[in-house]
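Here is entry_3.csv, consisting of CSV, C-alpha atoms:
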```csv
chain,number,residue,atom,x,y,z
A,1,MET,CA,104.7,154.2,164.0
A,2,ASN,CA,103.2,157.4,162.8
A,3,THR,CA,101.3,156.8,159.5
A,4,SER,CA,99.7,160.2,159.2
A,5,GLY,CA,100.6,162.2,156.2
A,6,ASP,CA,99.0,165.4,157.4
A,7,ASP,CA,101.3,167.7,159.3
A,8,ASN,CA,99.1,170.7,158.9
A,9,SER,CA,101.8,172.7,157.1
A,10,THR,CA,102.8,173.3,153.5
A,11,THR,CA,106.5,174.3,153.3
A,12,VAL,CA,108.6,174.3,156.4
A,13,GLN,CA,111.4,176.9,156.0
A,14,ARG,CA,114.7,175.3,157.0
A,15,PRO,CA,116.7,177.5,159.5
A,16,LEU,CA,120.2,178.4,158.5
A,17,LEU,CA,122.6,176.2,160.5
A,18,GLU,CA,124.8,178.1,162.8
A,19,ALA,CA,127.7,175.8,162.1
A,20,THR,CA,126.8,174.8,158.5
A,21,GLU,CA,125.0,177.7,156.9
A,22,ALA,CA,127.1,177.3,153.7
A,23,ASP,CA,125.6,173.9,153.2
A,24,ALA,CA,122.1,174.6,154.4
A,25,CYS,CA,120.7,175.2,150.9
A,26,ASN,CA,122.4,172.1,149.4
A,27,GLU,CA,121.6,169.4,152.0
A,28,LYS,CA,119.0,169.1,154.7
A,29,ILE,CA,120.4,167.8,158.0
A,30,ILE,CA,118.1,166.0,160.5
A,31,ALA,CA,119.1,164.2,163.7
A,32,PHE,CA,117.8,161.2,165.6
A,33,VAL,CA,118.8,161.1,169.2
A,34,ASN,CA,118.6,158.2,171.6
A,35,PRO,CA,118.3,159.9,175.0
A,36,LYS,CA,119.2,156.6,176.8
A,37,SER,CA,122.6,156.3,175.1
A,38,GLY,CA,125.6,157.4,177.1
A,39,GLY,CA,123.8,158.0,180.3
A,40,LEU,CA,122.7,161.7,180.5
A,41,GLN,CA,124.7,162.5,177.4
A,42,GLY,CA,121.8,161.7,175.0
A,43,GLN,CA,119.7,164.4,176.6
A,44,ALA,CA,122.5,167.0,176.4
A,45,VAL,CA,123.1,166.2,172.7
A,46,LEU,CA,119.3,166.5,172.1
A,47,GLU,CA,119.2,170.0,173.5
A,48,GLN,CA,122.4,171.2,171.8
A,49,LEU,CA,121.3,169.9,168.4
A,50,ARG,CA,117.9,171.6,168.7
A,51,SER,CA,119.7,174.9,169.1
A,52,GLN,CA,122.1,174.2,166.2
A,53,ILE,CA,119.8,172.8,163.4
A,54,GLY,CA,116.3,173.7,164.6
A,55,GLU,CA,113.9,171.9,166.9
A,56,GLN,CA,111.8,170.6,164.0
A,57,ASN,CA,114.9,168.8,162.5
A,58,VAL,CA,115.7,166.9,165.7
A,59,TYR,CA,113.8,163.7,166.6
A,60,ASP,CA,113.7,162.0,170.0
A,61,LEU,CA,113.7,158.3,169.2
A,62,LEU,CA,112.0,157.3,172.5
A,63,GLN,CA,109.4,160.0,172.4
A,64,ASP,CA,108.6,159.3,168.7
A,65,HIS,CA,108.8,155.5,169.2
A,66,GLY,CA,111.5,155.1,166.6
A,67,PRO,CA,112.8,156.8,163.5
A,68,GLN,CA,109.7,156.3,161.3
A,69,LYS,CA,108.1,159.7,162.0
A,70,GLY,CA,111.3,161.7,161.1
A,71,LEU,CA,111.9,159.7,158.0
A,72,LYS,CA,108.3,160.1,156.8
A,73,ASP,CA,108.5,163.9,157.5
A,74,ASN,CA,111.5,164.0,155.1
A,75,GLN,CA,110.8,161.2,152.6
A,76,ASP,CA,110.7,163.7,149.7
A,77,VAL,CA,113.9,165.6,150.6
A,78,LYS,CA,116.5,165.1,147.8
A,79,ASN,CA,119.8,165.5,149.6
A,80,LEU,CA,119.0,164.3,153.1
A,81,ARG,CA,121.8,163.9,155.7
A,82,ILE,CA,120.9,162.0,158.9
A,83,ILE,CA,122.8,162.3,162.1
A,84,ALA,CA,122.4,159.1,164.3
A,85,CYS,CA,123.1,160.1,167.9
A,86,GLY,CA,123.7,157.0,169.9
A,87,GLY,CA,125.6,153.7,169.9
A,88,ASP,CA,125.9,151.0,167.2
A,89,GLY,CA,122.4,149.8,168.1
A,90,THR,CA,120.9,153.3,167.3
A,91,VAL,CA,122.7,153.4,163.9
A,92,GLY,CA,121.3,149.9,163.1
A,93,TRP,CA,117.8,151.0,164.2
A,94,ILE,CA,117.9,153.9,161.8
A,95,LEU,CA,119.3,151.9,158.9
A,96,SER,CA,116.7,149.3,159.4
A,97,ALA,CA,113.9,151.9,159.4
A,98,LEU,CA,115.2,153.2,156.1
A,99,ASP,CA,114.7,149.7,154.7
A,100,THR,CA,110.9,150.0,155.3
A,101,THR,CA,110.4,153.7,154.5
A,102,GLN,CA,109.6,154.8,151.0
A,103,MET,CA,112.3,157.5,150.6
A,104,GLN,CA,111.9,159.1,147.2
A,105,PHE,CA,115.6,159.8,146.8
A,106,MET,CA,117.0,156.8,148.7
A,107,ASP,CA,120.3,156.7,146.8
A,108,LEU,CA,121.0,160.3,148.1
A,109,VAL,CA,120.3,159.6,151.7
A,110,SER,CA,123.4,159.4,153.9
A,111,VAL,CA,123.9,158.7,157.5
A,112,GLY,CA,126.6,160.0,159.9
A,113,VAL,CA,127.1,159.4,163.6
A,114,VAL,CA,127.5,161.3,166.9
A,115,PRO,CA,128.8,158.5,169.1
A,116,LEU,CA,127.3,158.0,172.5
A,117,GLY,CA,127.9,155.0,174.8
A,118,THR,CA,131.1,152.9,175.0
A,119,GLY,CA,131.9,150.6,172.0
A,120,ASN,CA,130.9,152.8,169.0
A,121,ASP,CA,132.6,150.6,166.4
A,122,MET,CA,130.7,152.1,163.5
A,123,ALA,CA,131.5,155.7,164.6
A,124,ARG,CA,135.2,154.8,165.0
A,125,PHE,CA,135.3,153.1,161.6
A,126,LEU,CA,133.6,156.2,159.9
A,127,GLY,CA,136.0,158.6,161.8
A,128,TRP,CA,133.5,160.3,164.1
A,129,GLY,CA,135.5,159.5,167.3
A,130,VAL,CA,135.3,157.2,170.3
A,131,GLY,CA,132.5,158.9,172.1
A,132,TYR,CA,130.9,162.2,172.9
A,133,ARG,CA,132.4,163.9,176.0
A,134,GLY,CA,130.3,167.1,176.3
A,135,GLU,CA,132.1,169.2,173.6
A,136,ASP,CA,130.5,171.7,171.3
A,137,LEU,CA,128.9,169.9,168.4
A,138,ALA,CA,129.1,172.8,165.9
A,139,PRO,CA,132.4,171.7,164.3
A,140,MET,CA,131.1,168.1,164.0
A,141,ILE,CA,127.8,169.3,162.4
A,142,ARG,CA,129.9,171.4,159.9
A,143,THR,CA,132.0,168.3,159.0
A,144,LEU,CA,128.9,166.1,158.7
A,145,GLY,CA,127.5,168.7,156.2
A,146,ASN,CA,130.6,168.8,154.1
A,147,SER,CA,132.1,165.3,154.2
A,148,GLU,CA,132.0,162.6,151.6
A,149,SER,CA,130.1,159.3,151.9
A,150,ARG,CA,131.0,155.7,151.3
A,151,LEU,CA,128.8,152.6,150.7
A,152,LEU,CA,128.3,150.1,153.5
A,153,ASP,CA,127.3,146.5,152.9
A,154,ARG,CA,124.5,145.3,155.1
A,155,TRP,CA,124.0,141.6,155.8
A,156,LYS,CA,120.8,139.6,156.2
A,157,ILE,CA,120.6,136.7,158.7
A,158,ASP,CA,118.2,133.9,157.9
A,159,VAL,CA,117.7,131.5,160.8
A,160,GLU,CA,115.9,128.1,160.6
A,161,PRO,CA,115.5,125.2,163.1
A,162,THR,CA,117.6,122.1,162.4
A,163,ALA,CA,115.9,118.9,161.3
A,164,HIS,CA,116.9,116.8,164.3
A,165,THR,CA,116.4,119.2,167.2
A,166,GLY,CA,113.3,119.9,169.2
A,167,VAL,CA,112.0,123.3,170.2
A,168,SER,CA,114.9,125.6,170.8
A,169,ASN,CA,115.6,129.3,171.3
A,170,ILE,CA,116.4,130.5,167.8
A,171,LYS,CA,115.2,134.1,168.1
A,172,ILE,CA,117.8,136.7,167.2
A,173,PRO,CA,117.6,140.4,168.3
A,174,GLN,CA,117.8,141.6,164.7
A,175,PRO,CA,117.8,140.0,161.3
A,176,VAL,CA,120.5,142.3,159.8
A,177,PHE,CA,124.0,143.3,160.9
A,178,ASN,CA,126.2,146.2,159.8
A,179,ASN,CA,129.4,145.7,161.9
A,180,TYR,CA,130.0,142.0,162.8
A,181,LEU,CA,128.6,138.8,164.1
A,182,SER,CA,130.6,136.6,166.5
A,183,PHE,CA,130.1,133.6,168.7
A,184,GLY,CA,132.1,131.7,171.3
A,185,ALA,CA,134.3,133.0,174.1
A,186,ASP,CA,134.0,136.7,173.2
A,187,ALA,CA,130.2,136.6,172.9
A,188,GLN,CA,130.0,134.7,176.3
A,189,ILE,CA,132.0,137.6,177.9
A,190,ALA,CA,129.7,140.2,176.4
A,191,LEU,CA,126.6,138.2,177.4
A,192,ASP,CA,127.8,137.8,181.1
A,193,PHE,CA,128.5,141.5,181.2
A,194,HIS,CA,125.2,142.4,179.7
A,195,GLU,CA,123.3,140.3,182.2
A,196,LYS,CA,125.2,141.8,185.2
A,197,ARG,CA,124.7,145.3,183.9
A,198,ASN,CA,120.9,144.8,183.4
A,199,ALA,CA,120.7,143.4,187.0
A,200,SER,CA,122.5,146.4,188.5
A,201,PRO,CA,122.3,149.3,186.0
A,202,ARG,CA,123.4,152.0,188.6
A,203,ARG,CA,126.5,150.1,189.4
A,204,TYR,CA,127.5,149.9,185.7
A,205,ALA,CA,127.0,153.6,185.0
A,206,ASN,CA,130.7,154.4,185.1
A,207,ARG,CA,132.9,153.7,182.1
A,208,ILE,CA,136.1,152.9,184.1
A,209,PHE,CA,134.1,150.5,186.4
A,210,ASN,CA,132.7,148.9,183.3
A,211,LYS,CA,136.1,148.3,181.8
A,212,LEU,CA,137.3,146.7,185.1
A,213,ALA,CA,134.2,144.6,185.3
A,214,TYR,CA,134.6,143.5,181.7
A,215,GLY,CA,138.2,142.4,182.5
A,216,CYS,CA,137.2,140.4,185.5
A,217,ILE,CA,134.5,138.6,183.5
A,218,SER,CA,137.0,137.9,180.8
A,219,CYS,CA,139.3,136.2,183.3
A,220,ASN,CA,136.5,134.1,184.6
A,221,THR,CA,135.6,132.9,181.1
A,222,PHE,CA,139.2,131.8,180.6
A,223,PHE,CA,138.5,128.9,183.0
A,224,ASP,CA,135.2,127.9,181.3
A,225,ARG,CA,135.6,124.4,179.9
A,226,ARG,CA,133.4,125.3,176.9
A,227,TYR,CA,136.1,127.7,175.6
A,228,LEU,CA,139.2,125.8,176.4
A,229,PHE,CA,141.2,123.8,173.8
A,230,GLY,CA,138.9,124.9,171.0
A,231,ASN,CA,135.9,122.9,172.1
A,232,ILE,CA,133.4,125.1,170.2
A,233,ALA,CA,134.7,123.5,166.9
A,234,ASN,CA,132.7,120.5,167.9
A,235,TYR,CA,129.5,122.5,168.2
A,236,PHE,CA,129.0,123.9,164.7
A,237,GLU,CA,129.8,123.5,161.0
A,238,LEU,CA,130.9,126.3,158.8
A,239,HIS,CA,130.6,126.7,155.0
A,240,VAL,CA,131.9,129.8,153.1
A,241,ASP,CA,130.8,130.2,149.5
A,242,GLY,CA,130.1,126.4,149.4
A,243,ARG,CA,133.4,125.4,150.9
A,244,ASN,CA,133.4,123.2,154.0
A,245,MET,CA,135.7,124.8,156.6
A,246,ASN,CA,135.8,121.9,159.1
A,247,GLU,CA,139.3,121.0,158.2
A,248,ASP,CA,140.5,124.5,159.0
A,249,LEU,CA,138.4,124.6,162.2
A,250,PHE,CA,139.8,121.4,163.6
A,251,ARG,CA,143.4,122.3,162.7
A,252,PHE,CA,143.2,125.7,164.4
A,253,ARG,CA,140.5,124.9,167.0
A,254,PRO,CA,139.4,128.5,167.8
A,255,ASP,CA,137.6,129.5,170.9
A,256,ALA,CA,135.7,132.3,169.1
A,257,ILE,CA,134.7,133.1,165.6
A,258,LEU,CA,134.2,136.6,164.2
A,259,ILE,CA,132.4,137.4,161.0
A,260,LEU,CA,133.5,141.0,160.2
A,261,ASN,CA,132.0,143.6,157.9
A,262,ILE,CA,133.8,146.8,159.0
A,263,ALA,CA,137.4,147.4,160.1
A,264,SER,CA,136.4,148.0,163.7
A,265,TYR,CA,135.7,145.4,166.5
A,266,ALA,CA,135.8,145.5,170.3
A,267,ALA,CA,136.0,149.3,170.5
A,268,GLY,CA,138.2,150.1,167.6
A,269,THR,CA,140.5,147.1,166.9
A,270,ASN,CA,140.8,145.5,163.5
A,271,PRO,CA,141.8,141.8,164.0
A,272,TRP,CA,141.9,141.2,160.2
A,273,GLN,CA,144.7,143.8,159.6
A,274,GLY,CA,146.4,143.9,163.0
A,275,ASP,CA,150.1,143.0,163.7
A,276,TYR,CA,151.2,139.4,163.3
A,277,ASP,CA,151.2,137.3,166.5
A,278,THR,CA,154.4,135.4,166.8
A,279,LEU,CA,152.5,132.2,167.6
A,280,TRP,CA,150.9,132.2,164.1
A,281,CYS,CA,153.3,134.4,162.2
A,282,ALA,CA,154.5,131.9,159.6
A,283,HIS,CA,151.1,130.5,158.8
A,284,SER,CA,149.5,134.0,158.5
A,285,GLN,CA,152.2,135.4,156.3
A,286,ALA,CA,152.0,132.4,154.0
A,287,ASP,CA,148.2,132.9,153.6
A,288,ASP,CA,148.1,136.6,153.0
A,289,ASP,CA,148.3,136.4,149.2
A,290,ARG,CA,145.1,134.4,148.9
A,291,PHE,CA,142.9,137.1,150.5
A,292,ARG,CA,141.5,140.2,148.8
A,293,GLU,CA,141.9,143.7,150.3
A,294,GLN,CA,139.4,144.4,153.1
A,295,SER,CA,136.5,146.6,152.1
A,296,CYS,CA,133.0,147.4,153.6
A,297,SER,CA,131.4,147.6,150.2
A,298,ASP,CA,132.8,144.7,148.1
A,299,GLY,CA,130.2,142.1,149.0
A,300,TYR,CA,132.6,140.0,151.1
A,301,LEU,CA,132.9,139.3,154.8
A,302,GLU,CA,136.0,138.4,156.7
A,303,ILE,CA,136.0,135.3,158.9
A,304,ILE,CA,138.5,135.3,161.8
A,305,GLY,CA,139.3,132.8,164.5
A,306,PHE,CA,140.7,133.5,168.0
A,307,LYS,CA,142.1,131.5,170.8
A,308,HIS,CA,140.8,132.7,174.2
A,309,PHE,CA,144.1,134.2,175.3
A,310,GLU,CA,144.3,136.1,172.0
A,311,LEU,CA,141.2,138.2,172.8
A,312,ALA,CA,143.3,140.5,175.1
A,313,ARG,CA,146.0,140.7,172.5
A,314,ILE,CA,143.5,141.8,169.8
A,315,ARG,CA,142.8,144.9,171.9
A,316,LEU,CA,146.5,145.7,171.8
A,317,GLY,CA,146.5,145.7,168.0
A,318,ARG,CA,147.2,142.0,167.2
A,319,ARG,CA,145.5,140.2,164.4
A,320,GLY,CA,143.4,137.0,164.7
A,321,HIS,CA,143.7,133.9,162.5
A,322,ARG,CA,142.5,134.7,159.0
A,323,MET,CA,140.2,131.8,158.0
A,324,ALA,CA,138.3,132.9,154.9
A,325,GLN,CA,136.5,135.7,153.0
A,326,GLY,CA,133.1,135.1,151.4
A,327,SER,CA,129.8,136.4,150.2
A,328,GLU,CA,127.6,133.6,151.6
A,329,ILE,CA,128.2,132.2,155.1
A,330,LYS,CA,126.3,129.0,156.3
A,331,LEU,CA,126.4,127.9,159.9
A,332,THR,CA,124.9,124.7,161.4
A,333,ILE,CA,124.9,125.1,165.2
A,334,ARG,CA,124.5,121.8,167.1
A,335,ARG,CA,124.0,123.2,170.6
A,336,ASP,CA,123.4,126.4,172.5
A,337,LEU,CA,126.0,129.0,171.8
A,338,PRO,CA,126.5,132.6,172.9
A,339,MET,CA,126.3,135.0,169.9
A,340,GLU,CA,126.8,138.7,169.5
A,341,ILE,CA,125.4,140.9,166.7
A,342,ASP,CA,126.7,144.5,166.5
A,343,GLY,CA,127.4,144.6,170.2
A,344,GLU,CA,124.2,142.9,171.4
A,345,PRO,CA,124.8,139.5,173.0
A,346,PHE,CA,122.3,136.6,173.3
A,347,LEU,CA,122.1,132.9,173.6
A,348,LEU,CA,121.2,131.0,170.4
A,349,GLY,CA,119.9,127.4,170.3
A,350,PRO,CA,120.6,124.7,167.6
A,351,CYS,CA,119.8,126.1,164.2
A,352,GLN,CA,120.9,126.8,160.7
A,353,ILE,CA,122.1,130.3,159.7
A,354,VAL,CA,122.6,131.7,156.2
A,355,ILE,CA,124.2,135.1,155.9
A,356,THR,CA,124.0,137.0,152.6
A,357,ARG,CA,124.2,140.6,151.5
A,358,LYS,CA,120.9,142.5,152.0
A,359,ASN,CA,121.6,145.9,150.5
A,360,GLN,CA,124.0,148.9,150.9
A,361,ALA,CA,123.7,152.1,152.9
A,362,ARG,CA,125.5,155.4,152.3
A,363,MET,CA,127.5,156.5,155.3
A,364,ILE,CA,129.2,159.9,155.9
A,365,ILE,CA,132.9,159.6,156.6
A,366,THR,CA,135.9,161.8,157.6
A,367,GLU,CA,139.0,162.1,155.4
A,368,ARG,CA,141.2,160.2,157.9
A,369,SER,CA,138.8,157.4,158.7
A,370,LYS,CA,139.4,153.7,158.2
A,371,ALA,CA,136.5,153.8,155.8
A,372,ALA,CA,138.2,156.4,153.6
A,373,GLN,CA,141.3,154.2,153.3
A,374,GLN,CA,139.4,151.3,151.8
A,375,ILE,CA,138.6,150.6,148.2
A,376,GLN,CA,135.2,151.9,147.2
A,377,SER,CA,133.0,149.5,145.3
A,378,LYS,CA,130.0,150.5,143.1
A,379,ARG,CA,126.5,150.4,144.5
A,380,VAL,CA,124.8,147.1,144.0
```

Translate the structure of the given file into structure tokens.
Amino acid sequence: MNTSGDDNSTTVQRPLLEATEADACNEKIIAFVNPKSGGLQGQAVLEQLRSQIGEQNVYDLLQDHGPQKGLKDNQDVKNLRIIACGGDGTVGWILSALDTTQMQFMDLVSVGVVPLGTGNDMARFLGWGVGYRGEDLAPMIRTLGNSESRLLDRWKIDVEPTAHTGVSNIKIPQPVFNNYLSFGADAQIALDFHEKRNASPRRYANRIFNKLAYGCISCNTFFDRRYLFGNIANYFELHVDGRNMNEDLFRFRPDAILILNIASYAAGTNPWQGDYDTLWCAHSQADDDRFREQSCSDGYLEIIGFKHFELARIRLGRRGHRMAQGSEIKLTIRRDLPMEIDGEPFLLGPCQIVITRKNQARMIITERSKAAQQIQSKRV
């Protein structure tokens, strides 16, 4: 982390943006680029942004060892717009860095996304597309400078060991999530794919190959005894706003549980608002009236259950089994379970988890995005 406050300059004159010169005097735009995201795309985006908004306004996350340097350089800027160039992990990295940086005008800081990589659920939800494909970034920069913003709830994950278990692996990759948290069959698929890709990164450099490999792993997981007949319902206990959900769990017996914050999961699907599946149509329609409208800023999470065979249908626009909405989620996990936080899978040992809202971030959206269609709540 760069803690030096001396940059040997007084006032740095901001260059007029080639694509956004009408907005240059109102907002300052800076960009954080993860060169590792999207193969060689990150480096191409880095070079293009330097020519568009000025080299001094573009920060290399790897070279600078994170976003702290860029945030510190601009902590006194009143109308700061940040472009996060990378995947969901990069967006989370920057939002978490904002938590620990003393920004003078934090309420006026907003974050947009240039999506790199594959999943990009946050970028899809905010309306910034499915992924960068080498196009000219000038129109996107112009839109990022002019677009409205919406508040995004961010959720804190507190993990504690259980009273009757020995030493176990309860380390999580990050204590906050912005998109979703899931565990069960879908997290196992993601974990298996993640391990295979790390073992042979060159083999998994092609998007089409990755999709085929992911499909094959999904088929293999279908025959895993742990995720057949809803066995994971025996491995954890779920409370939502103080309500014990065991009766619902054992009645439905899901193979995967999704705790959703934004209306995008598994590369753009929304299993809370999808089409009814004929297998659960009557039950789902009868339960619709007891749920509030989905929003990323209302202080509520959506809890959804899936059967294993439904995971493929979700990608075709089907909805999962709506279980609950709540502002405090408590999980007691009795044995090792695969878990995924914002696209990062890992194995978690027996523990107790409490999920509560941490804060809100201001995100830049497009007019036709899923985020723009949701009810906007006031800042907490």

Practice problem: Please provide as a PyMOL selection string all residues within 7 Å of Ser147 (chain A), with the sequence filter that same-chain residues fewer than 6 positions apart are discarded (counting all atoms listed in the file). | Solution: chain A and resi 364-366

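The coordinates place CA of Ile329 (chain A) at 4.8 Å from CA of Val240 (chain A).
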
Self-check item: Pick from A:Gly86, A:Pro115, A:Gly349, A:Gly184 nearest to Arg335 (chain A), counting all atoms listed in the file
Solution: A:Gly349

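Picture a line from CA of Gly87 (chain A) to CA of Leu116 (chain A); it runs 5.3 Å.
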
All residues 6 Å or closer to region 37-47 of chain A, only C-alpha atoms, same chain fewer than 2 positions away omitted, as a PDB file with C-alpha atoms, in the frame of the given file:
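Result file is selection.pdb:
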```
ATOM      1  CA  ASN A  34     118.600 158.200 171.600  1.00  0.00           C
ATOM      2  CA  PRO A  35     118.300 159.900 175.000  1.00  0.00           C
ATOM      3  CA  LEU A  49     121.300 169.900 168.400  1.00  0.00           C
ATOM      4  CA  ARG A  50     117.900 171.600 168.700  1.00  0.00           C
ATOM      5  CA  GLY A  86     123.700 157.000 169.900  1.00  0.00           C
ATOM      6  CA  LEU A 116     127.300 158.000 172.500  1.00  0.00           C
ATOM      7  CA  GLY A 117     127.900 155.000 174.800  1.00  0.00           C
TER       8      GLY A 117
END
```

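Remark: for Leu348 (chain A), the closest of the candidate residues A:Leu126, A:Ala138, A:Ala372, A:Val159 is A:Val159 (distances computed over all atoms listed in the file).
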
Long-range neighbours of Ala31 (chain A) as a PDB file with C-alpha atoms, keeping the file's coordinate frame, 8 Å cut-off, all atoms listed in the file, 2 positions minimum in chain:
```
ATOM      1  CA  ILE A  29     120.400 167.800 158.000  1.00  0.00           C
ATOM      2  CA  VAL A  33     118.800 161.100 169.200  1.00  0.00           C
ATOM      3  CA  LEU A  49     121.300 169.900 168.400  1.00  0.00           C
ATOM      4  CA  ASN A  57     114.900 168.800 162.500  1.00  0.00           C
ATOM      5  CA  VAL A  58     115.700 166.900 165.700  1.00  0.00           C
ATOM      6  CA  TYR A  59     113.800 163.700 166.600  1.00  0.00           C
ATOM      7  CA  ILE A  82     120.900 162.000 158.900  1.00  0.00           C
ATOM      8  CA  ILE A  83     122.800 162.300 162.100  1.00  0.00           C
ATOM      9  CA  ALA A  84     122.400 159.100 164.300  1.00  0.00           C
ATOM     10  CA  CYS A  85     123.100 160.100 167.900  1.00  0.00           C
TER      11      CYS A  85
END
```
